[in-house]
>>> print(open('structure.pdb').read())   # PDB, C-alpha atoms
ATOM      1  CA  MET A   1       0.432 -18.815 -43.941
ATOM      2  CA  SER A   2       3.915 -17.479 -43.114
ATOM      3  CA  GLU A   3       6.272 -19.431 -40.876
ATOM      4  CA  LYS A   4       7.863 -17.700 -37.916
ATOM      5  CA  ASN A   5      11.516 -18.345 -37.133
ATOM      6  CA  VAL A   6      12.137 -19.271 -33.515
ATOM      7  CA  ASN A   7      15.423 -18.197 -31.931
ATOM      8  CA  VAL A   8      16.069 -21.328 -29.866
ATOM      9  CA  GLU A   9      19.121 -19.849 -28.115
ATOM     10  CA  LYS A  10      17.066 -16.864 -26.948
ATOM     11  CA  LEU A  11      14.223 -19.134 -25.869
ATOM     12  CA  LEU A  12      16.521 -21.318 -23.760
ATOM     13  CA  LYS A  13      18.173 -18.360 -21.992
ATOM     14  CA  ASN A  14      15.683 -17.610 -19.210
ATOM     15  CA  LYS A  15      16.182 -13.914 -18.402
ATOM     16  CA  LEU A  16      13.742 -14.157 -15.509
ATOM     17  CA  LYS A  17      16.516 -15.762 -13.438
ATOM     18  CA  SER A  18      18.318 -12.408 -13.409
ATOM     19  CA  VAL A  19      15.325 -10.512 -11.967
ATOM     20  CA  SER A  20      15.729  -9.668  -8.281
ATOM     21  CA  VAL A  21      13.027 -11.455  -6.278
ATOM     22  CA  ALA A  22      13.224  -8.756  -3.573
ATOM     23  CA  GLU A  23      12.666  -6.013  -6.139
ATOM     24  CA  LEU A  24       9.777  -7.923  -7.692
ATOM     25  CA  GLU A  25       8.184  -8.337  -4.238
ATOM     26  CA  GLU A  26       8.628  -4.619  -3.581
ATOM     27  CA  LYS A  27       7.047  -3.590  -6.906
ATOM     28  CA  ILE A  28       4.075  -5.954  -6.515
ATOM     29  CA  ALA A  29       3.429  -4.688  -2.972
ATOM     30  CA  GLU A  30       3.756  -1.087  -4.154
ATOM     31  CA  THR A  31       1.295  -1.627  -7.017
ATOM     32  CA  ILE A  32      -1.302  -3.365  -4.835
ATOM     33  CA  SER A  33      -0.922  -0.681  -2.145
ATOM     34  CA  LYS A  34      -1.625   2.035  -4.715
ATOM     35  CA  LEU A  35      -4.647   0.169  -6.082
ATOM     36  CA  VAL A  36      -6.175  -0.566  -2.676
ATOM     37  CA  GLY A  37      -5.123   2.514  -0.739
ATOM     38  CA  GLU A  38      -3.582   0.524   2.131
ATOM     39  CA  ASP A  39      -0.013  -0.657   2.751
ATOM     40  CA  TYR A  40       0.637  -4.231   1.634
ATOM     41  CA  ASN A  41       3.599  -6.574   1.840
ATOM     42  CA  CYS A  42       4.432  -9.242  -0.770
ATOM     43  CA  GLU A  43       6.371 -12.489  -0.403
ATOM     44  CA  ILE A  44       7.358 -14.704  -3.336
ATOM     45  CA  SER A  45       8.199 -18.366  -2.715
ATOM     46  CA  ASP A  46       8.455 -21.734  -4.452
ATOM     47  CA  ILE A  47      10.090 -20.319  -7.585
ATOM     48  CA  LYS A  48      10.416 -22.796 -10.453
ATOM     49  CA  TYR A  49      12.042 -21.546 -13.635
ATOM     50  CA  SER A  50      11.066 -23.348 -16.806
ATOM     51  CA  LEU A  51      13.436 -24.202 -19.592
ATOM     52  CA  PHE A  52      11.545 -21.976 -22.008
ATOM     53  CA  SER A  53      11.879 -18.505 -20.474
ATOM     54  CA  GLY A  54       9.053 -18.827 -17.979
ATOM     55  CA  ALA A  55       8.584 -19.123 -14.242
ATOM     56  CA  GLU A  56       6.004 -20.269 -11.725
ATOM     57  CA  PHE A  57       5.910 -19.023  -8.149
ATOM     58  CA  LYS A  58       3.622 -18.435  -5.179
ATOM     59  CA  ILE A  59       2.754 -14.893  -4.192
ATOM     60  CA  LYS A  60       1.571 -14.063  -0.682
ATOM     61  CA  VAL A  61       0.160 -10.561  -0.204
ATOM     62  CA  GLU A  62      -0.736  -9.288   3.236
ATOM     63  CA  LEU A  63      -1.896  -6.032   4.706
ATOM     64  CA  THR A  64       0.874  -4.459   6.771
ATOM     65  CA  TYR A  65       0.042  -2.936  10.097
ATOM     66  CA  LYS A  66       2.165   0.160  10.544
ATOM     67  CA  GLU A  67       1.783   2.226  13.643
ATOM     68  CA  GLU A  68       0.380   5.663  12.932
ATOM     69  CA  GLU A  69       2.845   8.433  13.615
TER      70      GLU A  69
END
>>> encode(input="structure.pdb", output="structure tokens")
Amino acid sequence: MSEKNVNVEKLLKNKLKSVSVAELEEKIAETISKLVGEDYNCEISDIKYSLFSGAEFKIKVELTYKEEE
């Protein structure tokens, strides 16, 4: 069995902290809207970044009610 080297410095630098929450919300809403065929809004809250390059957060997705033009 071969051992894998772990880059501890890379592991401790959580790159997720640099991701824009607003952009992530926009992309999630866009993806769900495309899948469902209706316009959805996404809200991310309670973000907790872990020491080891991870994150936990709540996602709220709701149907948006846009007036028809």
>>> residues_around(input="structure.pdb", residues="Lys13 of chain A", least_positions_apart="4", cutoff="9 Å", atoms="all atoms listed in the file", output="ChimeraX atom specification")
/A:8-9,51-53
>>> write_last_selection(input="structure.pdb", atoms="C-alpha atoms", output="PDB file, in the coordinates of the input")
ATOM      1  CA  VAL A   8      16.069 -21.328 -29.866  1.00  0.00           C
ATOM      2  CA  GLU A   9      19.121 -19.849 -28.115  1.00  0.00           C
ATOM      3  CA  LEU A  51      13.436 -24.202 -19.592  1.00  0.00           C
ATOM      4  CA  PHE A  52      11.545 -21.976 -22.008  1.00  0.00           C
ATOM      5  CA  SER A  53      11.879 -18.505 -20.474  1.00  0.00           C
TER       6      SER A  53
END
>>> atom_distance(input="structure.pdb", atom1="atom CA of Thr64 of chain A", atom2="atom CA of Tyr40 of chain A")
5.1 Å
>>> axis_aligned_box(input="structure.pdb", around="segment 32-45 of chain A", padding_each_side="8 Å", output="AutoDock Vina command-line options")
--center_x 1.0 --center_y -7.9 --center_z -1.7 --size_x 30.4 --size_y 36.9 --size_z 24.8
>>> closest_residue(input="structure.pdb", among="A:Leu16, A:Val6, A:Leu63, A:Ala22", to="Ser50 of chain A", atoms="all atoms listed in the file")
A:Leu16
>>> resolve_selection(input="structure.pdb", expression="the PyMOL selection byres ((chain A and resi 62) around 12)", output="PyMOL selection string")
chain A and resi 25+28-30+32-33+36+38-44+59-61+63-65
>>> atom_distance(input="structure.pdb", atom1="atom CA of Lys34 of chain A", atom2="atom CA of Lys17 of chain A")
26.9 Å
>>> residues_around(input="structure.pdb", residues="Gly54 of chain A", least_positions_apart="6", cutoff="9 Å", atoms="all atoms listed in the file", output="PyMOL selection string")
chain A and resi 14-16+48
>>> write_last_selection(input="structure.pdb", atoms="C-alpha atoms", output="mmCIF file, in the frame of the given file")
data_model
loop_
_atom_site.group_PDB
_atom_site.id
_atom_site.type_symbol
_atom_site.label_atom_id
_atom_site.label_comp_id
_atom_site.auth_asym_id
_atom_site.auth_seq_id
_atom_site.Cartn_x
_atom_site.Cartn_y
_atom_site.Cartn_z
ATOM 1 C CA ASN A 14 15.683 -17.610 -19.210
ATOM 2 C CA LYS A 15 16.182 -13.914 -18.402
ATOM 3 C CA LEU A 16 13.742 -14.157 -15.509
ATOM 4 C CA LYS A 48 10.416 -22.796 -10.453
#
>>> resolve_selection(input="structure.pdb", expression="the PyMOL selection byres ((chain A and resi 45) around 6)", output="ChimeraX atom specification")
/A:44,46-47,57-58
>>> decode(input="structure.pdb", residues="chain A", atoms="C-alpha atoms", output="mmCIF file, in the first residue's frame")
data_model
loop_
_atom_site.group_PDB
_atom_site.id
_atom_site.type_symbol
_atom_site.label_atom_id
_atom_site.label_comp_id
_atom_site.auth_asym_id
_atom_site.auth_seq_id
_atom_site.Cartn_x
_atom_site.Cartn_y
_atom_site.Cartn_z
ATOM 1 C CA MET A 1 0.000 0.000 0.000
ATOM 2 C CA SER A 2 1.469 3.393 -0.962
ATOM 3 C CA GLU A 3 1.367 6.318 1.449
ATOM 4 C CA LYS A 4 -0.034 9.628 0.277
ATOM 5 C CA ASN A 5 1.714 12.840 1.276
ATOM 6 C CA VAL A 6 -0.622 15.426 2.756
ATOM 7 C CA ASN A 7 0.156 19.097 2.149
ATOM 8 C CA VAL A 8 -0.812 20.424 5.582
ATOM 9 C CA GLU A 9 -0.338 24.077 4.583
ATOM 10 C CA LYS A 10 -2.746 23.642 1.666
ATOM 11 C CA LEU A 11 -5.217 21.788 3.869
ATOM 12 C CA LEU A 12 -5.241 24.553 6.487
ATOM 13 C CA LYS A 13 -5.768 27.349 3.935
ATOM 14 C CA ASN A 14 -9.541 27.256 3.428
ATOM 15 C CA LYS A 15 -10.106 28.674 -0.070
ATOM 16 C CA LEU A 16 -13.864 28.546 0.423
ATOM 17 C CA LYS A 17 -13.600 31.738 2.496
ATOM 18 C CA SER A 18 -12.717 33.630 -0.688
ATOM 19 C CA VAL A 19 -15.853 32.485 -2.555
ATOM 20 C CA SER A 20 -18.502 35.200 -2.827
ATOM 21 C CA VAL A 21 -21.631 34.096 -0.957
ATOM 22 C CA ALA A 22 -23.783 36.310 -3.216
ATOM 23 C CA GLU A 23 -22.345 34.687 -6.334
ATOM 24 C CA LEU A 24 -22.839 31.220 -4.869
ATOM 25 C CA GLU A 25 -26.482 32.068 -4.070
ATOM 26 C CA GLU A 26 -26.968 33.352 -7.614
ATOM 27 C CA LYS A 27 -25.471 30.222 -9.219
ATOM 28 C CA ILE A 28 -27.487 27.829 -7.031
ATOM 29 C CA ALA A 29 -30.718 29.705 -7.812
ATOM 30 C CA GLU A 30 -29.850 29.745 -11.516
ATOM 31 C CA THR A 31 -29.157 25.995 -11.564
ATOM 32 C CA ILE A 32 -32.361 25.090 -9.709
ATOM 33 C CA SER A 33 -34.384 27.434 -11.943
ATOM 34 C CA LYS A 34 -33.034 25.692 -15.045
ATOM 35 C CA LEU A 35 -33.757 22.244 -13.606
ATOM 36 C CA VAL A 36 -37.301 23.066 -12.492
ATOM 37 C CA GLY A 37 -38.346 25.521 -15.180
ATOM 38 C CA GLU A 38 -39.450 28.201 -12.696
ATOM 39 C CA ASP A 39 -37.592 31.170 -11.197
ATOM 40 C CA TYR A 40 -36.070 30.466 -7.787
ATOM 41 C CA ASN A 41 -34.194 32.543 -5.242
ATOM 42 C CA CYS A 42 -31.468 31.187 -2.929
ATOM 43 C CA GLU A 43 -30.300 32.443 0.460
ATOM 44 C CA ILE A 44 -27.258 31.071 2.290
ATOM 45 C CA SER A 45 -26.951 31.578 6.052
ATOM 46 C CA ASP A 46 -25.214 30.216 9.142
ATOM 47 C CA ILE A 47 -21.861 29.743 7.404
ATOM 48 C CA LYS A 48 -19.268 27.863 9.456
ATOM 49 C CA TYR A 49 -15.871 27.329 7.872
ATOM 50 C CA SER A 50 -13.915 24.353 9.125
ATOM 51 C CA LEU A 51 -10.207 24.335 9.727
ATOM 52 C CA PHE A 52 -9.691 21.700 7.051
ATOM 53 C CA SER A 53 -10.906 23.408 3.869
ATOM 54 C CA GLY A 54 -14.596 22.724 4.356
ATOM 55 C CA ALA A 55 -17.756 24.632 5.157
ATOM 56 C CA GLU A 56 -21.249 24.033 6.477
ATOM 57 C CA PHE A 57 -24.156 26.353 5.759
ATOM 58 C CA LYS A 58 -27.936 26.509 5.452
ATOM 59 C CA ILE A 59 -29.492 26.959 2.039
ATOM 60 C CA LYS A 60 -33.008 28.338 1.647
ATOM 61 C CA VAL A 61 -34.511 28.049 -1.836
ATOM 62 C CA GLU A 62 -37.822 29.669 -2.656
ATOM 63 C CA LEU A 63 -39.917 30.152 -5.737
ATOM 64 C CA THR A 64 -39.870 33.796 -6.802
ATOM 65 C CA TYR A 65 -43.069 35.431 -7.881
ATOM 66 C CA LYS A 66 -42.288 37.792 -10.727
ATOM 67 C CA GLU A 67 -45.067 39.713 -12.344
ATOM 68 C CA GLU A 68 -45.643 38.685 -15.936
ATOM 69 C CA GLU A 69 -44.805 41.410 -18.404
#
